[in-house]
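K.L.:
data_4.cif (mmCIF, C-alpha atoms and all ligand atoms) pasted underneath:
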```cif
data_query
#
loop_
_atom_site.label_atom_id
_atom_site.label_comp_id
_atom_site.auth_asym_id
_atom_site.auth_seq_id
_atom_site.Cartn_x
_atom_site.Cartn_y
_atom_site.Cartn_z
CA MET X 169 -125.53 -24.77 247.68
CA ASN X 170 -123.63 -25.27 244.44
CA ILE X 171 -123.88 -28.96 243.59
CA ARG X 172 -123.10 -30.19 240.11
CA SER X 173 -123.11 -33.58 238.57
CA PHE X 174 -120.55 -34.93 236.10
CA ARG X 175 -120.42 -38.01 233.90
CA ALA X 176 -117.38 -39.58 232.30
CA LYS X 177 -116.08 -42.91 231.04
CA SER X 178 -113.71 -43.42 233.97
CA MET X 179 -113.28 -42.15 237.50
CA HIS X 180 -110.06 -40.50 236.42
CA GLU X 181 -111.83 -38.52 233.69
CA ALA X 182 -114.68 -37.62 236.02
CA LEU X 183 -112.26 -36.29 238.63
CA GLU X 184 -110.46 -34.30 235.94
CA LEU X 185 -113.76 -32.68 234.96
CA VAL X 186 -114.53 -31.77 238.55
CA ARG X 187 -111.07 -30.37 239.09
CA LYS X 188 -111.34 -28.28 235.91
CA GLU X 189 -114.82 -26.95 236.62
CA LEU X 190 -114.81 -26.56 240.40
CA GLY X 191 -111.15 -26.38 241.34
CA PRO X 192 -108.83 -28.68 243.30
CA ASP X 193 -110.58 -28.16 246.66
CA ALA X 194 -114.00 -29.32 245.50
CA ALA X 195 -115.86 -31.71 247.80
CA LEU X 196 -117.05 -35.02 246.34
CA LEU X 197 -120.56 -35.80 247.45
CA HIS X 198 -121.42 -38.93 245.63
CA THR X 199 -120.05 -41.36 243.06
CA ARG X 200 -121.77 -44.23 241.31
CA GLU X 201 -121.62 -46.35 238.21
CA VAL X 202 -124.56 -45.72 235.86
CA PRO X 203 -125.61 -47.11 232.43
CA GLN X 204 -124.14 -45.09 229.56
CA ARG X 205 -126.53 -42.81 227.75
CA GLY X 206 -127.97 -43.99 224.44
CA LEU X 207 -127.48 -47.33 222.74
CA LYS X 208 -124.29 -48.21 224.56
CA GLY X 209 -126.22 -48.11 227.82
CA LEU X 210 -128.72 -50.61 226.43
CA PHE X 211 -125.85 -52.97 225.69
CA GLY X 212 -124.48 -52.80 229.22
CA GLY X 213 -122.04 -49.88 228.79
CA LYS X 214 -121.30 -48.14 232.07
CA GLU X 215 -119.98 -44.74 233.02
CA ILE X 216 -119.22 -42.88 236.21
CA GLU X 217 -121.56 -40.28 237.64
CA LEU X 218 -120.14 -37.98 240.22
CA ALA X 219 -121.73 -35.17 242.26
CA ALA X 220 -119.45 -32.46 243.59
CA SER X 221 -119.59 -29.02 245.09
CA SER X 222 -117.16 -26.14 245.11
CA GLU X 223 -118.02 -25.50 248.76
CA THR X 224 -114.98 -27.04 250.33
CA ASN X 225 -116.32 -27.42 253.86
CA LEU X 226 -119.45 -29.11 252.73
CA LYS X 227 -120.33 -32.31 254.55
CA SER X 228 -120.04 -35.38 252.35
CA ARG X 229 -123.00 -37.65 251.75
CA PHE X 230 -121.58 -40.05 254.26
CA GLU X 231 -121.84 -37.37 256.89
CA ILE X 232 -125.34 -36.16 256.13
CA GLU X 233 -126.84 -39.45 255.19
CA GLU X 234 -129.87 -40.67 257.14
CA PRO X 235 -129.42 -44.12 258.66
CA GLU X 236 -130.13 -46.79 256.02
CA PRO X 237 -133.50 -48.52 256.51
CA GLU X 238 -133.24 -51.92 258.12
CA THR X 239 -133.44 -54.89 255.78
CA GLU X 240 -133.71 -58.54 256.57
CA HIS X 241 -130.56 -59.37 254.69
CA GLU X 242 -128.01 -56.95 255.99
CA PRO X 243 -129.15 -55.72 259.39
CA GLU X 244 -125.59 -55.53 260.64
CA LEU X 245 -124.87 -52.54 258.38
CA GLU X 246 -127.45 -50.36 260.01
CA ALA X 247 -127.38 -51.53 263.60
CA GLU X 248 -125.30 -49.32 265.85
CA PRO X 249 -122.38 -51.53 266.73
CA VAL X 250 -122.35 -52.75 270.27
CA LEU X 251 -118.79 -52.33 271.32
CA PRO X 252 -117.26 -52.47 274.76
CA GLU X 253 -116.50 -49.21 276.50
CA PRO X 254 -113.03 -47.96 275.62
CA VAL X 255 -110.35 -49.54 277.72
CA VAL X 256 -107.16 -47.56 277.97
CA GLU X 257 -104.72 -49.55 279.99
CA ILE X 258 -101.90 -47.21 280.72
CA ALA X 259 -99.71 -47.80 283.73
CA SER X 260 -100.82 -45.06 286.04
CA PRO X 261 -99.88 -43.39 289.31
CA PRO X 262 -102.05 -43.60 292.44
CA GLU X 263 -105.68 -42.57 291.89
CA ASP X 264 -105.66 -39.63 294.31
CA VAL X 265 -102.97 -37.75 292.41
CA ILE X 266 -104.51 -38.16 288.96
CA ALA X 267 -106.17 -35.23 287.24
CA LYS X 268 -108.73 -36.29 284.65
CA ASP X 269 -110.08 -34.28 281.78
CA ASP X 270 -113.65 -34.70 280.58
CA ALA X 271 -112.63 -37.60 278.37
CA GLY X 272 -111.51 -39.43 281.51
CA ILE X 273 -107.90 -39.41 280.38
CA ASP X 274 -105.23 -39.35 283.03
CA LEU X 275 -103.53 -36.12 282.13
CA GLU X 276 -101.08 -36.22 285.00
CA ALA X 277 -100.04 -39.71 284.07
CA MET X 278 -99.05 -38.31 280.70
CA SER X 279 -96.80 -35.67 282.14
CA PHE X 280 -93.29 -36.91 281.63
CA SER X 281 -91.75 -34.58 284.18
CA GLN X 282 -93.82 -35.93 287.07
CA SER X 283 -92.50 -38.54 289.41
CA PHE X 284 -94.94 -40.27 291.73
CA PHE X 285 -92.70 -42.89 293.13
CA SER X 286 -89.67 -42.89 295.33
CA SER X 287 -86.91 -42.19 292.83
CA GLY X 288 -83.94 -40.71 294.60
CA PRO X 289 -83.72 -41.76 298.21
CA GLY X 290 -81.43 -44.75 298.47
CA TRP X 291 -81.00 -45.11 294.71
CA PRO X 292 -77.42 -45.38 293.45
CA PRO X 293 -76.19 -42.59 291.11
CA SER X 294 -75.96 -45.16 288.27
CA ILE X 295 -79.74 -45.71 288.19
CA LEU X 296 -80.49 -42.03 288.78
CA ARG X 297 -78.51 -41.17 285.66
CA ILE X 298 -80.48 -43.76 283.65
CA ARG X 299 -83.73 -42.44 285.05
CA GLU X 300 -82.68 -38.96 283.99
CA ARG X 301 -82.04 -40.23 280.45
CA LEU X 302 -85.47 -41.84 280.33
CA VAL X 303 -87.18 -38.65 281.46
CA GLU X 304 -85.17 -36.62 278.94
CA ALA X 305 -86.41 -39.07 276.29
CA GLU X 306 -89.95 -38.06 277.35
CA VAL X 307 -90.75 -41.30 279.15
CA PRO X 308 -93.41 -40.43 281.75
CA GLY X 309 -91.78 -40.08 285.19
CA PHE X 310 -93.85 -42.80 286.83
CA LEU X 311 -92.92 -45.31 284.08
CA ALA X 312 -89.23 -44.41 284.41
CA ASP X 313 -89.52 -44.94 288.17
CA SER X 314 -91.30 -48.27 287.92
CA VAL X 315 -88.82 -49.79 285.43
CA CYS X 316 -85.83 -48.53 287.46
CA GLU X 317 -87.34 -49.89 290.65
CA LYS X 318 -88.01 -53.27 289.06
CA VAL X 319 -84.47 -53.59 287.72
CA LEU X 320 -82.91 -52.46 291.01
CA SER X 321 -84.88 -55.11 292.87
CA THR X 322 -83.32 -57.85 290.74
CA HIS X 323 -79.70 -56.67 291.17
CA THR X 324 -77.30 -57.05 294.05
CA GLU X 325 -75.92 -53.95 295.74
CA GLU X 326 -72.65 -54.45 293.88
CA SER X 327 -74.15 -54.81 290.41
CA GLN X 328 -76.40 -51.80 291.10
CA GLN X 329 -73.27 -49.66 290.89
CA ASP X 330 -72.54 -50.80 287.34
CA GLU X 331 -74.38 -48.44 285.00
CA ALA X 332 -73.76 -50.54 281.89
CA VAL X 333 -75.26 -53.63 283.56
CA LEU X 334 -78.31 -51.67 284.72
CA LEU X 335 -78.72 -50.04 281.31
CA ASN X 336 -78.83 -53.42 279.59
CA ALA X 337 -81.28 -54.73 282.17
CA ILE X 338 -83.55 -51.67 281.73
CA ARG X 339 -83.47 -52.07 277.96
CA ALA X 340 -84.36 -55.76 278.26
CA GLU X 341 -87.13 -54.95 280.73
CA LEU X 342 -88.59 -52.29 278.43
CA ALA X 343 -88.38 -54.56 275.38
CA ALA X 344 -90.23 -57.29 277.28
CA SER X 345 -92.98 -54.83 278.21
CA ILE X 346 -93.71 -53.77 274.61
CA TYR X 347 -96.43 -55.43 272.54
CA VAL X 348 -95.86 -55.71 268.81
CA GLY X 349 -98.48 -56.88 266.29
CA ARG X 350 -98.61 -59.88 264.03
CA ASP X 351 -96.77 -59.79 260.76
CA ILE X 352 -99.21 -59.21 257.92
CA ASP X 353 -96.56 -60.36 255.45
CA ASP X 354 -96.91 -63.94 256.63
CA PRO X 355 -97.71 -65.84 253.41
CA ARG X 356 -99.92 -68.37 255.25
CA ASP X 357 -101.82 -66.03 257.48
CA TYR X 358 -102.22 -62.53 256.13
CA PRO X 359 -105.34 -60.44 256.73
CA ARG X 360 -107.54 -60.08 253.65
CA ILE X 361 -109.06 -56.73 254.51
CA VAL X 362 -106.95 -54.05 256.18
CA ALA X 363 -108.29 -50.62 257.15
CA ALA X 364 -106.46 -47.53 258.38
CA ILE X 365 -108.17 -45.12 260.76
CA GLY X 366 -106.97 -42.19 262.81
CA PRO X 367 -106.71 -38.42 263.24
CA THR X 368 -106.10 -36.09 260.30
CA GLY X 369 -102.74 -35.85 258.61
CA VAL X 370 -101.03 -38.66 260.53
CA GLY X 371 -100.05 -40.64 257.41
CA LYS X 372 -102.96 -43.06 256.85
CA THR X 373 -103.03 -42.81 253.05
CA THR X 374 -99.25 -43.01 252.75
CA THR X 375 -99.21 -46.05 255.04
CA ILE X 376 -101.96 -47.76 253.00
CA ALA X 377 -99.96 -47.07 249.82
CA LYS X 378 -96.80 -48.53 251.38
CA LEU X 379 -98.61 -51.67 252.58
CA ALA X 380 -100.40 -52.11 249.25
CA ALA X 381 -97.14 -51.76 247.32
CA ARG X 382 -95.41 -54.33 249.53
CA ALA X 383 -98.34 -56.73 249.15
CA LYS X 384 -98.32 -56.38 245.37
CA PHE X 385 -94.64 -56.20 244.53
CA ASP X 386 -92.95 -58.13 247.35
CA HIS X 387 -95.63 -60.73 247.98
CA LYS X 388 -97.19 -60.85 244.50
CA ARG X 389 -100.73 -60.60 245.83
CA ARG X 390 -103.72 -59.35 243.90
CA VAL X 391 -104.43 -56.11 245.73
CA GLY X 392 -107.38 -53.71 245.67
CA LEU X 393 -107.85 -50.29 247.23
CA VAL X 394 -110.94 -48.64 248.68
CA THR X 395 -111.12 -45.05 249.80
CA VAL X 396 -113.85 -43.66 251.98
CA ASP X 397 -112.16 -40.30 252.08
CA THR X 398 -114.51 -38.41 249.80
CA TYR X 399 -114.40 -35.23 251.84
CA ARG X 400 -111.82 -33.62 249.58
CA ILE X 401 -111.12 -34.37 245.96
CA ALA X 402 -107.42 -33.99 246.73
CA ALA X 403 -107.69 -36.95 249.11
CA VAL X 404 -109.29 -39.14 246.43
CA ASP X 405 -106.64 -37.99 243.97
CA GLN X 406 -103.87 -38.95 246.36
CA LEU X 407 -104.87 -42.61 246.60
CA GLN X 408 -105.97 -42.70 242.96
CA THR X 409 -102.47 -41.63 241.95
CA TYR X 410 -100.95 -44.50 243.93
CA ALA X 411 -103.57 -46.88 242.45
CA GLU X 412 -102.61 -45.79 238.93
CA ILE X 413 -98.86 -46.01 239.52
CA MET X 414 -99.22 -49.49 240.99
CA ASP X 415 -101.96 -50.49 238.55
CA LEU X 416 -104.40 -51.44 241.30
CA PRO X 417 -108.20 -51.42 241.11
CA MET X 418 -109.64 -48.74 243.36
CA LYS X 419 -113.17 -48.08 244.58
CA ILE X 420 -114.40 -44.76 245.91
CA VAL X 421 -117.24 -45.09 248.40
CA SER X 422 -119.03 -42.83 250.82
CA THR X 423 -121.40 -44.95 252.90
CA PRO X 424 -121.20 -48.15 254.94
CA MET X 425 -123.46 -49.86 252.35
CA GLU X 426 -121.13 -48.86 249.51
CA VAL X 427 -118.04 -50.05 251.32
CA ARG X 428 -119.56 -53.52 251.56
CA SER X 429 -120.44 -53.52 247.84
CA ALA X 430 -116.95 -52.30 246.95
CA ILE X 431 -115.42 -55.18 248.89
CA ASN X 432 -117.72 -57.61 247.08
CA GLU X 433 -116.72 -56.12 243.73
CA LEU X 434 -113.08 -56.65 244.64
CA SER X 435 -113.71 -60.32 245.34
CA ASP X 436 -110.83 -61.25 242.99
CA CYS X 437 -108.35 -59.46 245.23
CA GLU X 438 -106.37 -61.41 247.78
CA GLN X 439 -105.84 -58.33 249.88
CA ILE X 440 -107.92 -55.14 250.13
CA PHE X 441 -106.70 -51.96 251.78
CA ILE X 442 -109.25 -49.40 252.98
CA ASP X 443 -108.25 -45.79 253.50
CA THR X 444 -110.52 -43.60 255.62
CA ALA X 445 -110.80 -39.85 256.10
CA GLY X 446 -108.91 -38.32 259.03
CA ARG X 447 -111.27 -37.84 261.97
CA SER X 448 -110.94 -35.61 264.97
CA PRO X 449 -110.96 -37.74 268.13
CA ARG X 450 -112.87 -34.87 269.75
CA ASP X 451 -115.74 -35.13 267.30
CA GLU X 452 -118.04 -37.86 268.63
CA VAL X 453 -120.21 -37.84 265.49
CA GLN X 454 -117.24 -38.34 263.18
CA VAL X 455 -115.92 -41.17 265.31
CA GLN X 456 -119.35 -42.80 265.38
CA GLN X 457 -119.60 -42.61 261.57
CA LEU X 458 -116.21 -44.20 261.30
CA ARG X 459 -117.39 -46.94 263.64
CA SER X 460 -120.40 -47.73 261.38
CA LEU X 461 -118.15 -47.77 258.38
CA ILE X 462 -115.61 -50.12 259.92
CA LYS X 463 -118.41 -52.31 261.22
CA ALA X 464 -119.74 -52.60 257.65
CA ALA X 465 -116.30 -53.27 256.15
CA SER X 466 -115.52 -55.81 258.87
CA PRO X 467 -111.73 -55.71 258.28
CA ASP X 468 -109.45 -58.47 259.48
CA GLU X 469 -107.03 -55.79 260.68
CA THR X 470 -107.91 -52.22 261.59
CA TYR X 471 -104.84 -50.09 262.12
CA LEU X 472 -105.09 -47.02 264.27
CA VAL X 473 -102.50 -44.72 262.72
CA LEU X 474 -100.81 -42.23 265.06
CA SER X 475 -97.83 -40.01 264.46
CA ALA X 476 -94.77 -39.87 266.68
CA PRO X 477 -94.46 -36.06 266.80
CA SER X 478 -97.86 -35.85 268.58
CA SER X 479 -97.88 -34.96 272.26
CA SER X 480 -98.51 -37.68 274.84
CA LYS X 481 -101.78 -35.99 275.65
CA SER X 482 -103.11 -36.03 272.09
CA LEU X 483 -101.91 -39.62 271.62
CA ALA X 484 -103.83 -40.60 274.77
CA GLU X 485 -106.92 -38.82 273.59
CA ALA X 486 -106.76 -40.45 270.14
CA VAL X 487 -106.24 -43.93 271.63
CA ALA X 488 -109.12 -43.45 274.07
CA LYS X 489 -111.58 -42.20 271.45
CA PHE X 490 -110.60 -44.46 268.53
CA THR X 491 -110.72 -47.52 270.78
CA THR X 492 -114.48 -47.37 270.25
CA VAL X 493 -113.85 -48.20 266.58
CA ALA X 494 -112.15 -51.42 267.77
CA PRO X 495 -108.71 -51.13 266.14
CA SER X 496 -106.79 -54.41 266.26
CA SER X 497 -103.37 -52.80 266.34
CA TRP X 498 -101.67 -49.51 265.60
CA VAL X 499 -99.08 -47.95 263.32
CA LEU X 500 -96.64 -45.32 264.52
CA THR X 501 -95.73 -42.91 261.71
CA LYS X 502 -93.13 -40.18 261.20
CA ILE X 503 -90.58 -41.60 263.62
CA ASP X 504 -87.99 -39.89 261.42
CA GLU X 505 -89.33 -36.56 262.70
CA VAL X 506 -88.60 -37.16 266.39
CA GLY X 507 -85.47 -37.66 268.46
CA SER X 508 -87.01 -40.20 270.81
CA LEU X 509 -90.09 -42.37 271.19
CA GLY X 510 -90.31 -42.03 274.98
CA ASN X 511 -93.70 -40.28 274.73
CA THR X 512 -95.15 -43.42 273.13
CA LEU X 513 -94.00 -45.91 275.79
CA SER X 514 -97.35 -46.05 277.65
CA PHE X 515 -99.08 -46.98 274.41
CA LEU X 516 -96.43 -49.50 273.44
CA GLN X 517 -97.18 -51.28 276.71
CA ASP X 518 -100.88 -51.72 275.98
CA PRO X 519 -101.58 -55.44 275.41
CA GLN X 520 -104.94 -54.60 273.80
CA LEU X 521 -103.28 -52.59 271.04
CA PRO X 522 -100.01 -54.03 269.75
CA LEU X 523 -97.88 -51.91 267.44
CA ALA X 524 -97.80 -53.43 263.95
CA TYR X 525 -95.64 -51.03 261.94
CA VAL X 526 -93.46 -47.96 262.19
CA THR X 527 -92.95 -45.59 259.28
CA ASN X 528 -89.93 -43.40 258.91
CA GLY X 529 -90.34 -41.21 255.86
CA GLN X 530 -92.49 -40.18 252.94
CA ASP X 531 -91.03 -42.66 250.47
CA VAL X 532 -93.47 -45.23 249.18
CA PRO X 533 -93.01 -48.14 249.64
CA GLN X 534 -89.62 -48.19 251.39
CA ALA X 535 -90.25 -46.14 254.51
CA ILE X 536 -92.11 -48.73 256.59
CA ALA X 537 -91.03 -51.65 258.78
CA ALA X 538 -92.70 -54.20 261.02
CA ALA X 539 -92.42 -53.05 264.63
CA GLU X 540 -89.70 -54.70 266.70
CA ALA X 541 -89.46 -54.21 270.43
CA GLU X 542 -85.65 -53.94 270.58
CA ASP X 543 -85.58 -51.30 267.83
CA LEU X 544 -88.23 -49.29 269.62
CA VAL X 545 -86.29 -49.44 272.88
CA ALA X 546 -83.13 -48.32 271.07
CA ARG X 547 -85.07 -45.21 270.05
CA ILE X 548 -86.05 -44.55 273.64
CA LEU X 549 -82.81 -45.29 275.51
N1 LIG A 1 -91.64 -37.53 257.61
C1 LIG A 1 -92.64 -38.38 257.37
N2 LIG A 1 -93.73 -37.94 256.71
C2 LIG A 1 -94.73 -38.82 256.49
C3 LIG A 1 -94.68 -40.16 256.94
N3 LIG A 1 -95.84 -40.76 256.59
C4 LIG A 1 -96.57 -39.83 255.94
N4 LIG A 1 -95.91 -38.66 255.88
C5 LIG A 1 -96.34 -37.39 255.29
O1 LIG A 1 -97.37 -36.86 256.08
C6 LIG A 1 -98.27 -36.12 255.25
C7 LIG A 1 -99.68 -36.60 255.47
O2 LIG A 1 -99.75 -37.93 255.02
P1 LIG A 1 -101.11 -38.60 254.54
O3 LIG A 1 -100.81 -40.03 254.21
O4 LIG A 1 -101.77 -37.78 253.51
O5 LIG A 1 -101.92 -38.49 255.90
P2 LIG A 1 -103.44 -38.89 256.15
O6 LIG A 1 -103.52 -39.43 257.54
O7 LIG A 1 -103.92 -39.79 255.08
O8 LIG A 1 -104.13 -37.47 256.07
P3 LIG A 1 -105.71 -37.15 255.96
O9 LIG A 1 -106.28 -38.13 254.97
O10 LIG A 1 -105.76 -35.74 255.49
O11 LIG A 1 -106.27 -37.34 257.33
C8 LIG A 1 -97.79 -36.31 253.81
O12 LIG A 1 -97.00 -35.21 253.46
C9 LIG A 1 -96.93 -37.57 253.90
O13 LIG A 1 -95.93 -37.64 252.91
C10 LIG A 1 -93.52 -40.60 257.64
O14 LIG A 1 -93.37 -41.73 258.08
N5 LIG A 1 -92.53 -39.66 257.83
MG MG A 2 -105.54 -39.57 253.77
#
```
Once you've parsed the file, please lay out its structure as structure tokens.
Ligand SMILES: Nc1nc2c(ncn2[C@@H]2O[C@H](COP(=O)(O)OP(=O)(O)OP(=O)(O)O)[C@@H](O)[C@H]2O)c(=O)[nH]1
Ligand SMILES: [Mg+2]
P.N.:
Amino acid sequence: MNIRSFRAKSMHEALELVRKELGPDAALLHTREVPQRGLKGLFGGKEIELAASSETNLKSRFEIEEPEPETEHEPELEAEPVLPEPVVEIASPPEDVIAKDDAGIDLEAMSFSQSFFSSGPGWPPSILRIRERLVEAEVPGFLADSVCEKVLSTHTEESQQDEAVLLNAIRAELAASIYVGRDIDDPRDYPRIVAAIGPTGVGKTTTIAKLAARAKFDHKRRVGLVTVDTYRIAAVDQLQTYAEIMDLPMKIVSTPMEVRSAINELSDCEQIFIDTAGRSPRDEVQVQQLRSLIKAASPDETYLVLSAPSSSKSLAEAVAKFTTVAPSSWVLTKIDEVGSLGNTLSFLQDPQLPLAYVTNGQDVPQAIAAAEAEDLVARIL
């Protein structure tokens, strides 16, 4: 295994050295602040020591680390968090028609073309056309049926013929069924520590950069960044670049212990944003590591970041698996890449996991907005 260690005055310089010597895909294994060599070290001078390997698929220290020994002072960092079993509350069709995969996810319930209820017989053409639009927008059939049925039951036979009236009623019904998260911009009540978790490539780092920029420039808060994504040097670079552009302090950590220290070192910051490495929801070990990390960081808000172009099935799987990390709300990214948000309706209706933000582009910091139920419905119907 080709592991090399580098020392430099700043993290930026150390990363440059690694990039030059080992290439842009090098894996960072370890970073720490150490006393400078020679006299300067004696007088408190510090520099950065960094261990890296050119083997790109190497596991980071966080992944291979043995559990930290228990201490009297910080037992909560080592103890396996006791979290409730994942609860995925998705409106679902009758039990006997549900196929479940080994993760216990209702696959049939996710199939937008299925209809389990009595759409059709006795329904006026007006509502059938609306139902058709919902299904075309990838709303699961059973959800389309239940909202249509509910709205029909509150309308007279005469008003049931009026498509525009029914459409408005369906939109209102859908908006009322969607849960949106609290506004973290609130000057009196904003979360101090915010973490982003989720599958790979969904837009976690970009979202953290957008939120950090808003906090600093719009709300004039003292902001700090922490990245736990030390698996690829490119990932560290990405957040480091945002940190430099926005002139924000940034800490690079790789263990639950270090994340706690980093937060303590950023005690001057009014708001701290923690970026984590993308994890596969299918990899139990990765999800468990993330859980220990989030437990140690103890964020006030943990956003599960999911991207709109994902299939209903992979969204369901991610929600089910990442629920064990106890996200407080979620962020829906890349809505600019899809024609409709119908595939996300089941998740929007989950009271345990309100939607906090939507993002609609790569631009930092503009392409993000607090989630609003009416806007979401307008993108479905
Ligand atoms: N179109 C579009 N692209 C986005 C949006 N948010 C992020 N991206 C892009 O998606 C890609 C991945 O974004 P990242 O922020 O690196 O995703 P990540 O979840 O941090 O990825 P990993 O750390 O590798 O797991 C980048 O090219 C982003 O510019 C969005 O709202 N819309
Ligand atoms: Mg990232």
K.L.:
Would you kindly return, as a PyMOL selection string, each protein, DNA or RNA residue with an atom no farther than 12 Å from any atom of Glu341 of chain X, considering all atoms listed in the file and excluding same-chain residues fewer than 3 positions away?
P.N.:
chain X and resi 311-312+314-320+322+334-338+344-346+517+541-542+545+549
K.L.:
Name each residue within 12 Å of ligand MG 2 (chain A), counting all atoms listed in the file, as a VMD selection string.
P.N.:
chain X and resid 363 to 377 394 to 408 410 442 to 447 473
K.L.:
May I ask which of the residues X:Arg297, X:Lys188, X:Arg459, X:Arg390 is the closest one to Val493 of chain X, counting only C-alpha atoms?
P.N.:
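The shortest atom-to-atom distance to Val493 of chain X comes from X:Arg459.
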K.L.:
So, counting all atoms listed in the file, which residue among X:Lys463, X:Arg547, X:Arg382, X:Lys502 is closest to ligand LIG 1 (chain A)?
P.N.:
X:Lys502
K.L.:
For the point (-115.8, -40.4, 234.1) in file coordinates, what residues are within 10 Å, counting all atoms listed in the file? Give the answer as a list in words?
P.N.:
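Residues with an atom close enough to that point: Phe174, Arg175, Ala176, Lys177, Ser178, Met179, His180, Glu181, Ala182, Leu183, Glu184, Leu185, Val186, Thr199, Glu201, Lys214, Glu215, Ile216, Glu217 and Leu218 of chain X.
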